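Next up, input_5.cif (mmCIF, C-alpha atoms and all ligand atoms):
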data_input
loop_
_atom_site.label_atom_id
_atom_site.label_comp_id
_atom_site.auth_asym_id
_atom_site.auth_seq_id
_atom_site.Cartn_x
_atom_site.Cartn_y
_atom_site.Cartn_z
CA MET A 1 -59.94 79.25 328.72
CA LYS A 2 -63.67 78.76 328.17
CA THR A 3 -65.03 75.34 327.32
CA ILE A 4 -68.32 74.71 325.57
CA ARG A 5 -69.78 71.27 325.04
CA VAL A 6 -71.59 70.04 321.97
CA SER A 7 -73.84 67.33 323.45
CA LEU A 8 -74.38 64.50 320.98
CA GLU A 9 -74.23 61.28 322.98
CA ASP A 10 -71.10 59.36 321.99
CA ARG A 11 -70.26 62.05 319.42
CA SER A 12 -70.10 64.84 322.02
CA TYR A 13 -67.07 67.10 322.04
CA ALA A 14 -65.64 70.21 323.58
CA ILE A 15 -64.83 73.59 322.04
CA HIS A 16 -62.00 75.36 323.88
CA ILE A 17 -61.74 79.10 323.37
CA GLY A 18 -59.26 81.73 324.49
CA SER A 19 -55.88 83.30 324.01
CA GLY A 20 -53.20 80.60 324.15
CA VAL A 21 -55.53 77.56 324.31
CA LEU A 22 -53.23 75.79 321.85
CA ARG A 23 -50.95 75.10 324.80
CA SER A 24 -53.58 72.62 326.06
CA LEU A 25 -53.31 70.60 322.87
CA PRO A 26 -50.94 67.88 324.20
CA ARG A 27 -53.16 67.22 327.24
CA LEU A 28 -56.33 67.19 325.14
CA ILE A 29 -54.84 64.86 322.52
CA ARG A 30 -53.89 62.38 325.23
CA ALA A 31 -57.19 62.73 327.12
CA ASN A 32 -59.17 62.03 323.94
CA GLY A 33 -57.00 59.06 322.89
CA LEU A 34 -56.78 60.46 319.40
CA GLY A 35 -54.01 58.35 317.87
CA ARG A 36 -50.28 58.13 317.29
CA VAL A 37 -49.92 59.91 313.97
CA ALA A 38 -51.27 63.42 313.34
CA ILE A 39 -51.74 64.52 309.76
CA ILE A 40 -52.17 68.27 309.59
CA ILE A 41 -54.06 69.60 306.58
CA THR A 42 -53.44 73.27 305.92
CA THR A 43 -52.61 75.90 303.31
CA PRO A 44 -49.09 77.13 302.45
CA ARG A 45 -49.77 80.50 304.11
CA VAL A 46 -51.06 79.04 307.39
CA HIS A 47 -48.27 76.45 307.31
CA ARG A 48 -45.72 79.27 307.08
CA LEU A 49 -47.36 81.29 309.86
CA LEU A 50 -48.45 78.62 312.32
CA GLY A 51 -47.02 75.25 311.22
CA ARG A 52 -44.14 75.32 313.67
CA LEU A 53 -46.28 76.41 316.63
CA VAL A 54 -48.91 73.71 316.10
CA SER A 55 -46.37 70.98 315.29
CA GLY A 56 -44.48 71.86 318.48
CA GLU A 57 -47.60 71.37 320.60
CA LEU A 58 -48.46 68.10 318.86
CA ARG A 59 -44.95 66.82 319.32
CA ARG A 60 -45.29 67.44 323.07
CA ALA A 61 -48.21 65.00 322.93
CA GLY A 62 -45.77 62.39 321.64
CA VAL A 63 -47.38 61.95 318.24
CA ASP A 64 -45.67 61.76 314.84
CA ILE A 65 -46.56 64.67 312.57
CA HIS A 66 -47.04 65.05 308.85
CA ILE A 67 -48.20 68.20 307.13
CA LEU A 68 -50.15 68.16 303.86
CA GLU A 69 -50.81 71.41 302.03
CA VAL A 70 -53.78 72.31 299.85
CA PRO A 71 -54.05 75.51 297.77
CA ASP A 72 -55.62 78.47 299.56
CA THR A 73 -58.78 78.68 297.45
CA GLU A 74 -62.40 77.51 297.46
CA LYS A 75 -61.36 75.23 294.55
CA SER A 76 -59.61 73.01 297.11
CA LYS A 77 -63.03 71.91 298.30
CA SER A 78 -63.23 69.30 295.54
CA ALA A 79 -63.56 65.54 295.30
CA ASP A 80 -60.25 65.46 293.37
CA GLU A 81 -58.43 67.21 296.22
CA ALA A 82 -60.07 64.88 298.77
CA LEU A 83 -58.87 61.83 296.80
CA ARG A 84 -55.36 63.29 296.46
CA LEU A 85 -55.23 63.71 300.25
CA ILE A 86 -56.54 60.18 300.83
CA GLU A 87 -53.79 58.76 298.63
CA LYS A 88 -51.16 60.59 300.69
CA ILE A 89 -52.78 59.59 304.00
CA THR A 90 -52.81 55.93 302.93
CA ARG A 91 -49.07 56.10 302.29
CA LEU A 92 -48.41 57.77 305.66
CA GLU A 93 -50.67 55.60 307.81
CA LYS A 94 -48.69 52.33 307.84
CA SER A 95 -49.92 50.39 310.88
CA ARG A 96 -50.42 53.20 313.40
CA LYS A 97 -53.65 54.97 314.26
CA VAL A 98 -53.98 58.23 312.38
CA PHE A 99 -56.03 61.35 313.09
CA LEU A 100 -56.40 64.51 311.04
CA VAL A 101 -55.93 68.11 312.12
CA ALA A 102 -57.76 70.81 310.15
CA LEU A 103 -55.55 73.87 310.52
CA GLY A 104 -57.08 76.77 308.61
CA GLY A 105 -60.34 78.43 307.65
CA GLY A 106 -63.65 77.06 306.41
CA VAL A 107 -62.31 75.45 303.23
CA VAL A 108 -59.65 73.47 305.09
CA GLY A 109 -62.16 72.55 307.82
CA ASP A 110 -64.84 71.30 305.42
CA LEU A 111 -62.33 69.39 303.25
CA THR A 112 -60.49 67.81 306.19
CA GLY A 113 -63.77 66.84 307.85
CA PHE A 114 -64.96 65.27 304.60
CA VAL A 115 -61.76 63.26 304.16
CA ALA A 116 -61.97 62.14 307.81
CA ALA A 117 -65.60 61.11 307.23
CA ILE A 118 -64.94 58.91 304.19
CA TYR A 119 -61.44 57.53 304.77
CA LYS A 120 -61.94 53.98 306.08
CA ARG A 121 -65.57 54.93 306.82
CA GLY A 122 -64.46 57.53 309.30
CA ILE A 123 -61.37 58.45 311.30
CA PRO A 124 -61.07 61.09 314.04
CA TYR A 125 -60.24 64.70 313.28
CA ILE A 126 -59.86 67.88 315.25
CA GLN A 127 -60.44 71.46 314.22
CA ILE A 128 -57.93 74.25 314.85
CA PRO A 129 -59.72 77.13 313.08
CA THR A 130 -57.50 80.06 312.13
CA THR A 131 -60.08 82.54 310.82
CA LEU A 132 -62.73 84.36 312.82
CA LEU A 133 -65.42 82.92 310.54
CA ALA A 134 -64.24 79.37 311.21
CA GLN A 135 -63.88 79.98 314.96
CA ILE A 136 -67.37 81.48 315.19
CA ASP A 137 -69.18 79.14 312.88
CA SER A 138 -67.82 76.63 310.41
CA SER A 139 -65.57 74.54 312.70
CA ILE A 140 -68.62 73.55 314.78
CA GLY A 141 -71.43 71.27 313.70
CA GLY A 142 -69.99 68.35 311.77
CA LYS A 143 -71.36 69.21 308.34
CA THR A 144 -68.50 68.38 306.00
CA ALA A 145 -68.52 68.62 302.22
CA VAL A 146 -66.82 69.33 298.94
CA ASP A 147 -68.19 71.28 295.96
CA THR A 148 -68.90 70.02 292.45
CA ALA A 149 -69.28 71.87 289.15
CA PHE A 150 -73.05 71.78 289.77
CA GLY A 151 -73.01 73.50 293.13
CA LYS A 152 -71.46 74.04 296.52
CA ASN A 153 -71.38 71.32 299.20
CA LEU A 154 -73.02 68.75 296.91
CA ILE A 155 -70.98 65.79 298.20
CA GLY A 156 -70.82 65.59 301.94
CA ALA A 157 -71.30 63.76 305.19
CA PHE A 158 -72.04 64.45 308.82
CA HIS A 159 -68.92 63.78 310.83
CA GLN A 160 -68.32 65.58 314.10
CA PRO A 161 -64.81 66.66 315.09
CA ARG A 162 -63.42 65.23 318.33
CA LEU A 163 -62.26 68.60 319.54
CA VAL A 164 -62.29 72.26 318.48
CA LEU A 165 -59.56 74.63 319.64
CA SER A 166 -60.21 78.30 318.92
CA ASP A 167 -57.08 80.18 319.91
CA THR A 168 -57.72 83.91 319.53
CA ARG A 169 -53.96 84.52 319.20
CA LEU A 170 -54.10 82.88 315.78
CA LEU A 171 -56.30 85.70 314.47
CA LYS A 172 -53.60 88.37 314.75
CA THR A 173 -52.34 87.87 311.22
CA LEU A 174 -55.79 87.91 309.64
CA PRO A 175 -56.55 90.61 307.07
CA ARG A 176 -59.29 93.02 308.26
CA ARG A 177 -61.68 91.87 305.53
CA GLN A 178 -61.50 88.34 306.95
CA ILE A 179 -62.18 89.63 310.47
CA LEU A 180 -65.27 91.40 309.17
CA SER A 181 -66.42 88.26 307.41
CA GLY A 182 -66.46 86.41 310.74
CA LEU A 183 -68.03 89.33 312.56
CA ALA A 184 -71.03 89.20 310.22
CA GLU A 185 -71.80 85.67 311.46
CA GLY A 186 -71.38 86.88 315.05
CA ILE A 187 -73.96 89.61 314.42
CA LYS A 188 -76.19 86.89 312.98
CA TYR A 189 -76.02 84.88 316.21
CA GLY A 190 -77.07 87.95 318.22
CA ALA A 191 -79.88 88.80 315.80
CA ILE A 192 -81.37 85.28 315.72
CA HIS A 193 -80.95 84.19 319.31
CA ASP A 194 -79.67 86.63 321.91
CA ALA A 195 -80.63 90.31 322.19
CA SER A 196 -78.14 90.99 325.00
CA PHE A 197 -75.33 89.50 322.91
CA PHE A 198 -76.42 91.76 320.03
CA ALA A 199 -76.27 94.73 322.40
CA PHE A 200 -72.78 93.62 323.54
CA ILE A 201 -71.53 93.65 319.93
CA GLU A 202 -73.03 97.13 319.46
CA LYS A 203 -71.16 98.35 322.53
CA ALA A 204 -67.88 96.54 322.03
CA ILE A 205 -67.56 96.87 318.26
CA ASP A 206 -64.33 98.92 318.42
CA GLN A 207 -62.66 96.46 320.82
CA ILE A 208 -63.76 93.56 318.63
CA LEU A 209 -62.39 95.21 315.50
CA ALA A 210 -59.09 95.80 317.35
CA LEU A 211 -59.16 92.07 318.32
CA GLU A 212 -58.96 92.97 322.00
CA PRO A 213 -58.71 89.47 323.61
CA GLY A 214 -61.60 89.78 326.12
CA ALA A 215 -64.12 91.11 323.60
CA THR A 216 -62.97 88.72 320.86
CA SER A 217 -63.19 85.71 323.17
CA ARG A 218 -66.71 86.69 324.25
CA LEU A 219 -67.76 87.07 320.61
CA ILE A 220 -66.46 83.60 319.71
CA GLU A 221 -67.62 82.02 322.94
CA THR A 222 -71.23 83.23 322.79
CA SER A 223 -71.56 82.47 319.06
CA SER A 224 -70.09 78.98 319.66
CA ARG A 225 -72.45 78.39 322.59
CA ILE A 226 -75.47 79.32 320.48
CA LYS A 227 -74.33 77.16 317.58
CA ALA A 228 -73.46 74.24 319.91
CA GLY A 229 -76.98 74.42 321.38
CA ILE A 230 -78.63 74.40 317.96
CA VAL A 231 -76.44 71.56 316.65
CA SER A 232 -77.09 69.52 319.80
CA ARG A 233 -80.82 69.80 319.11
CA ASP A 234 -80.63 69.13 315.38
CA GLU A 235 -77.38 67.39 314.46
CA ARG A 236 -78.56 66.24 311.03
CA ASP A 237 -80.59 69.25 310.03
CA THR A 238 -83.87 67.35 310.08
CA LYS A 239 -85.75 69.02 312.93
CA ASP A 240 -85.92 72.60 311.71
CA ALA A 241 -83.68 73.91 314.50
CA ARG A 242 -80.70 74.48 312.22
CA ILE A 243 -82.74 76.48 309.73
CA ILE A 244 -82.40 79.70 311.75
CA LEU A 245 -78.65 79.57 311.03
CA ASN A 246 -79.65 80.50 307.47
CA PHE A 247 -80.78 83.99 308.50
CA GLY A 248 -79.53 86.33 305.76
CA HIS A 249 -78.10 83.42 303.78
CA THR A 250 -80.69 82.92 300.99
CA PHE A 251 -80.28 86.54 299.88
CA GLY A 252 -76.61 86.44 300.82
CA HIS A 253 -75.75 83.41 298.68
CA ALA A 254 -77.53 84.97 295.68
CA VAL A 255 -75.66 88.28 296.05
CA GLU A 256 -72.36 86.42 296.62
CA ALA A 257 -72.83 84.33 293.46
CA ALA A 258 -74.00 87.36 291.43
CA SER A 259 -70.86 89.25 292.49
CA ARG A 260 -68.88 86.31 291.07
CA PHE A 261 -67.50 85.85 294.55
CA LYS A 262 -65.84 89.28 294.53
CA ILE A 263 -67.45 89.95 297.90
CA THR A 264 -66.70 87.73 300.88
CA HIS A 265 -69.22 85.34 302.39
CA GLY A 266 -69.55 87.60 305.44
CA GLU A 267 -70.15 90.70 303.32
CA ALA A 268 -72.84 88.82 301.43
CA VAL A 269 -74.44 87.62 304.66
CA ALA A 270 -74.39 91.20 306.01
CA ILE A 271 -76.31 92.42 302.94
CA GLY A 272 -78.57 89.37 303.18
CA MET A 273 -79.41 90.11 306.83
CA VAL A 274 -80.43 93.68 305.97
CA LEU A 275 -82.64 92.33 303.17
CA ALA A 276 -84.11 89.68 305.50
CA CYS A 277 -84.94 92.44 308.01
CA ARG A 278 -86.64 94.47 305.27
CA LEU A 279 -88.62 91.40 304.28
CA SER A 280 -89.59 90.86 307.94
CA GLU A 281 -90.73 94.48 308.07
CA LYS A 282 -92.76 94.16 304.86
CA LEU A 283 -94.43 91.04 306.24
CA GLY A 284 -95.40 93.02 309.33
CA LEU A 285 -93.24 90.89 311.62
CA LEU A 286 -90.52 93.35 312.62
CA ASP A 287 -90.66 97.00 313.65
CA ALA A 288 -88.71 99.55 311.62
CA ALA A 289 -86.52 100.59 314.57
CA SER A 290 -85.20 97.03 315.08
CA ALA A 291 -84.55 96.62 311.35
CA ARG A 292 -82.61 99.91 311.44
CA ARG A 293 -80.59 98.70 314.45
CA VAL A 294 -79.41 95.66 312.50
CA SER A 295 -78.36 97.68 309.46
CA ARG A 296 -76.74 100.35 311.66
CA LEU A 297 -74.58 97.75 313.45
CA ILE A 298 -73.59 96.21 310.13
CA GLN A 299 -72.49 99.63 308.88
CA LYS A 300 -70.72 100.48 312.13
CA ALA A 301 -68.75 97.25 311.77
CA GLY A 302 -67.63 98.38 308.32
CA LEU A 303 -69.69 95.75 306.52
CA PRO A 304 -71.86 96.56 303.50
CA ALA A 305 -75.56 97.06 304.21
CA THR A 306 -76.61 97.53 300.58
CA ILE A 307 -75.97 95.61 297.37
CA PRO A 308 -72.79 96.98 295.71
CA SER A 309 -73.53 98.83 292.45
CA PHE A 310 -71.37 96.46 290.36
CA VAL A 311 -73.69 93.55 291.22
CA LYS A 312 -76.52 93.52 288.70
CA THR A 313 -80.12 93.07 289.84
CA ALA A 314 -80.71 90.60 286.98
CA SER A 315 -77.77 88.45 288.11
CA ILE A 316 -79.10 88.28 291.67
CA LEU A 317 -82.55 87.29 290.43
CA LYS A 318 -80.95 84.66 288.21
CA ALA A 319 -78.94 83.30 291.15
CA LEU A 320 -82.11 83.17 293.25
CA ALA A 321 -83.94 81.35 290.45
CA HIS A 322 -81.19 78.72 290.58
CA ASP A 323 -82.04 78.15 294.21
CA LYS A 324 -84.21 75.06 293.74
CA LYS A 325 -86.47 75.73 296.71
CA PHE A 326 -87.04 79.31 295.59
CA SER A 327 -87.91 78.42 292.01
CA ARG A 328 -90.45 75.82 293.21
CA GLY A 329 -92.19 78.62 295.08
CA LYS A 330 -91.60 76.87 298.37
CA THR A 331 -89.08 79.27 299.77
CA ARG A 332 -88.86 79.45 303.51
CA PHE A 333 -87.33 82.59 304.83
CA VAL A 334 -85.86 83.13 308.26
CA CYS A 335 -87.39 86.40 309.46
CA LEU A 336 -86.99 88.35 312.69
CA THR A 337 -89.87 89.26 314.97
CA ARG A 338 -87.50 91.21 317.19
CA ILE A 339 -83.77 91.19 317.85
CA GLY A 340 -82.98 87.75 319.25
CA GLN A 341 -86.10 86.03 317.93
CA THR A 342 -86.86 84.42 314.57
CA ARG A 343 -89.96 83.27 312.73
CA ILE A 344 -89.84 80.99 309.69
CA LYS A 345 -92.12 82.19 306.90
CA GLU A 346 -93.29 79.54 304.47
CA ASN A 347 -94.29 80.21 300.87
CA VAL A 348 -93.14 83.81 300.70
CA SER A 349 -94.27 85.09 297.34
CA PRO A 350 -91.40 85.16 294.82
CA ALA A 351 -92.75 88.51 293.54
CA LEU A 352 -92.24 90.08 296.97
CA ILE A 353 -88.65 88.84 297.07
CA GLN A 354 -88.01 90.06 293.53
CA ASN A 355 -89.36 93.53 294.36
CA LEU A 356 -87.14 93.72 297.39
CA ILE A 357 -84.08 93.01 295.25
CA LYS A 358 -85.23 95.47 292.58
CA GLU A 359 -85.59 98.21 295.21
CA ARG A 360 -81.99 97.33 296.24
N1 LIG B 401 -69.48 72.42 309.88
C1 LIG B 401 -70.45 73.42 309.86
C2 LIG B 401 -71.79 73.01 310.33
O1 LIG B 401 -72.01 71.86 310.66
O2 LIG B 401 -72.69 73.83 310.39
#

Mind turning this structure into structure tokens?
Ligand code: GLY
Amino acid sequence: MKTIRVSLEDRSYAIHIGSGVLRSLPRLIRANGLGRVAIIITTPRVHRLLGRLVSGELRRAGVDIHILEVPDTEKSKSADEALRLIEKITRLEKSRKVFLVALGGGVVGDLTGFVAAIYKRGIPYIQIPTTLLAQIDSSIGGKTAVDTAFGKNLIGAFHQPRLVLSDTRLLKTLPRRQILSGLAEGIKYGAIHDASFFAFIEKAIDQILALEPGATSRLIETSSRIKAGIVSRDERDTKDARIILNFGHTFGHAVEAASRFKITHGEAVAIGMVLACRLSEKLGLLDAASARRVSRLIQKAGLPATIPSFVKTASILKALAHDKKFSRGKTRFVCLTRIGQTRIKENVSPALIQNLIKER
């Protein structure tokens, strides 16, 4: 088991990674004094696959368990769903101290964290991420939110989990497309922060795709360490440290929205990273060989490196125009100067971005 610390004074917590780390749950629950009643929030599918395993471990910690299901869709990240959960939690709480357990992917993690942040002005929660994307990225950092009809993550709060347990055994039942979605974020961590980690992914790509435990753990562990370091420096996203996490995301979000969410977040980020490398090249920041290395790894992983033909150029440009920062001409792009190093470019001309999309 590998343990990584997110250092945030009294909000510090540990991320435990490895095959079988769930077995440490009873000890960790007791050590963290988390409460007497655990309310697990999950989806029907994850409940069916992992509910018994996780409940068994929690029971060994001597806590009472309740399981609440939410539908397995992005639509669950809504204020209505959060209020529905709060009503149920209120009925279950009685007089004993409750904590929440987010058992699932990014939607469950963000929703559970949000409910934990607002219920009684904040109760403890832990993250047991079950997708590679959530283990690599979204379970760490304490940004919690729900979507509204006007946009994603519009209602939210900062609320750090008390513990993150990334058990690589839980990934076995994941569809390949979901594995790839997480891998894209792993490639991002190498590209923005750690050239040797990037080279490791290049070398170990087949083992990672086969979910070989050693390679998978190293992927999650190094990504988590990088994210933990960034979050520790900039918990509330006010000091410009977190911005590098957006590498590939401005383009990615626009392509994702223009595809009407037919491509996964990771696929969109993969395309976005290739576009961000091309932008870096055009701005004279990145050499062509490094840009090619990024797109070659993305392709080798089985991720898309170009915008799919069914996604219209006009729709991407429209999605970008909806990006408030972009339309005000104040767009800041995360560029690469080499693999493992970023440079933020202010006021990139919208025409340059538009041409890049038009070239596809
Ligand atoms: N919960 C994700 C983040 O804080 O970045």

- Which residue gives the smallest distance to ligand LIG 401 (chain B) among A:Leu297, A:Ala241, A:Leu211, A:Ala134, with all atoms listed in the file counted? A:Ala134

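Among the candidates A:Ile244, A:Cys335, A:Ile65, A:Val231, the residue lying nearest to ligand LIG 401 (chain B) is A:Val231 (atoms considered: all atoms listed in the file).
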
- Query: Of the candidates A:Lys318, A:Arg332, A:Lys227, A:Lys345, which shows the shortest atom-to-atom distance to ligand LIG 401 (chain B), using all atoms listed in the file?
  - Reply: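 Using all atoms listed in the file, ligand LIG 401 (chain B) sits closest to A:Lys227.
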
- Task: Throw together the list of residues within 6 Å of ligand LIG 401 (chain B), counting only C-alpha atoms and all ligand atoms, and drop it here as a PyMOL selection string.
- Result: chain A and resi 138-144

Go ahead and find all residues with at least one atom no further than 10 Å from (-74.3, 86.3, 290.0) in the file's coordinates, using only C-alpha atoms; report them as a compact mmCIF listing (two decimals) with C-alpha atoms, keeping the file's coordinate frame.
# COMPACT_ATOMS: atom_id res chain seq x y z
CA HIS A 253 -75.75 83.41 298.68
CA ALA A 254 -77.53 84.97 295.68
CA VAL A 255 -75.66 88.28 296.05
CA GLU A 256 -72.36 86.42 296.62
CA ALA A 257 -72.83 84.33 293.46
CA ALA A 258 -74.00 87.36 291.43
CA SER A 259 -70.86 89.25 292.49
CA ARG A 260 -68.88 86.31 291.07
CA PHE A 261 -67.50 85.85 294.55
CA VAL A 311 -73.69 93.55 291.22
CA LYS A 312 -76.52 93.52 288.70
CA THR A 313 -80.12 93.07 289.84
CA ALA A 314 -80.71 90.60 286.98
CA SER A 315 -77.77 88.45 288.11
CA ILE A 316 -79.10 88.28 291.67
CA LEU A 317 -82.55 87.29 290.43
CA LYS A 318 -80.95 84.66 288.21
CA ALA A 319 -78.94 83.30 291.15
CA LEU A 320 -82.11 83.17 293.25

- Note on the structure: Using only C-alpha atoms, the best pick from A:Met1, A:Thr173, A:Asp147, A:Asp10 as closest to Val46 (chain A) would be A:Thr173

- Give me, please, the distance in Å between CA of Ala270 (chain A) and CA of Leu174 (chain A), quoted to one decimal. 19.2 Å

Block slice region 243-252 of chain A, all heavy atoms, emitted as a compact mmCIF listing (two decimals), in the first residue's frame:
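Generated output (out-v9.txt):
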# COMPACT_ATOMS: atom_id res chain seq x y z
N ILE A 243 -4.17 25.99 -12.00
CA ILE A 243 -4.53 26.23 -13.40
C ILE A 243 -3.89 25.20 -14.34
O ILE A 243 -4.48 24.81 -15.34
CB ILE A 243 -4.24 27.69 -13.84
CG1 ILE A 243 -4.87 27.94 -15.20
CG2 ILE A 243 -2.75 27.98 -13.84
CD1 ILE A 243 -4.76 29.35 -15.71
N ILE A 244 -2.70 24.71 -14.00
CA ILE A 244 -2.04 23.78 -14.93
C ILE A 244 -2.82 22.47 -15.06
O ILE A 244 -2.67 21.74 -16.03
CB ILE A 244 -0.56 23.50 -14.58
CG1 ILE A 244 -0.41 22.78 -13.24
CG2 ILE A 244 0.25 24.77 -14.60
CD1 ILE A 244 1.01 22.25 -13.02
N LEU A 245 -3.70 22.20 -14.09
CA LEU A 245 -4.55 21.00 -14.19
C LEU A 245 -5.52 21.12 -15.37
O LEU A 245 -6.12 20.14 -15.79
CB LEU A 245 -5.35 20.79 -12.90
CG LEU A 245 -4.52 20.57 -11.62
CD1 LEU A 245 -5.41 20.57 -10.39
CD2 LEU A 245 -3.77 19.25 -11.71
N ASN A 246 -5.67 22.34 -15.88
CA ASN A 246 -6.58 22.56 -17.01
C ASN A 246 -5.95 22.28 -18.36
O ASN A 246 -6.57 22.52 -19.40
CB ASN A 246 -7.09 24.00 -17.01
CG ASN A 246 -8.08 24.24 -15.92
OD1 ASN A 246 -8.65 23.29 -15.39
ND2 ASN A 246 -8.25 25.49 -15.54
N PHE A 247 -4.70 21.79 -18.38
CA PHE A 247 -4.05 21.51 -19.66
C PHE A 247 -4.97 20.61 -20.52
O PHE A 247 -5.41 19.55 -20.06
CB PHE A 247 -2.70 20.81 -19.41
CG PHE A 247 -1.99 20.39 -20.67
CD1 PHE A 247 -1.61 21.33 -21.63
CD2 PHE A 247 -1.72 19.05 -20.91
CE1 PHE A 247 -0.98 20.94 -22.80
CE2 PHE A 247 -1.08 18.65 -22.08
CZ PHE A 247 -0.71 19.59 -23.02
N GLY A 248 -5.26 21.06 -21.72
CA GLY A 248 -6.11 20.28 -22.63
C GLY A 248 -7.60 20.42 -22.36
O GLY A 248 -8.43 19.92 -23.11
N HIS A 249 -7.95 21.13 -21.26
CA HIS A 249 -9.36 21.13 -20.86
C HIS A 249 -10.21 22.21 -21.54
O HIS A 249 -11.41 21.99 -21.72
CB HIS A 249 -9.49 21.23 -19.34
CG HIS A 249 -9.24 19.90 -18.65
ND1 HIS A 249 -8.04 19.23 -18.76
CD2 HIS A 249 -10.03 19.12 -17.88
CE1 HIS A 249 -8.11 18.11 -18.07
NE2 HIS A 249 -9.31 18.01 -17.53
N THR A 250 -9.62 23.37 -21.90
CA THR A 250 -10.45 24.40 -22.55
C THR A 250 -10.92 23.88 -23.91
O THR A 250 -12.11 23.89 -24.21
CB THR A 250 -9.66 25.72 -22.72
OG1 THR A 250 -9.19 26.11 -21.43
CG2 THR A 250 -10.52 26.82 -23.30
N PHE A 251 -9.97 23.36 -24.69
CA PHE A 251 -10.35 22.73 -25.97
C PHE A 251 -11.23 21.51 -25.70
O PHE A 251 -12.23 21.28 -26.37
CB PHE A 251 -9.10 22.27 -26.73
CG PHE A 251 -8.29 23.38 -27.32
CD1 PHE A 251 -6.97 23.57 -26.93
CD2 PHE A 251 -8.83 24.23 -28.28
CE1 PHE A 251 -6.20 24.59 -27.48
CE2 PHE A 251 -8.06 25.25 -28.83
CZ PHE A 251 -6.74 25.43 -28.43
N GLY A 252 -10.80 20.72 -24.72
CA GLY A 252 -11.50 19.46 -24.43
C GLY A 252 -12.96 19.68 -24.09
O GLY A 252 -13.84 19.01 -24.64
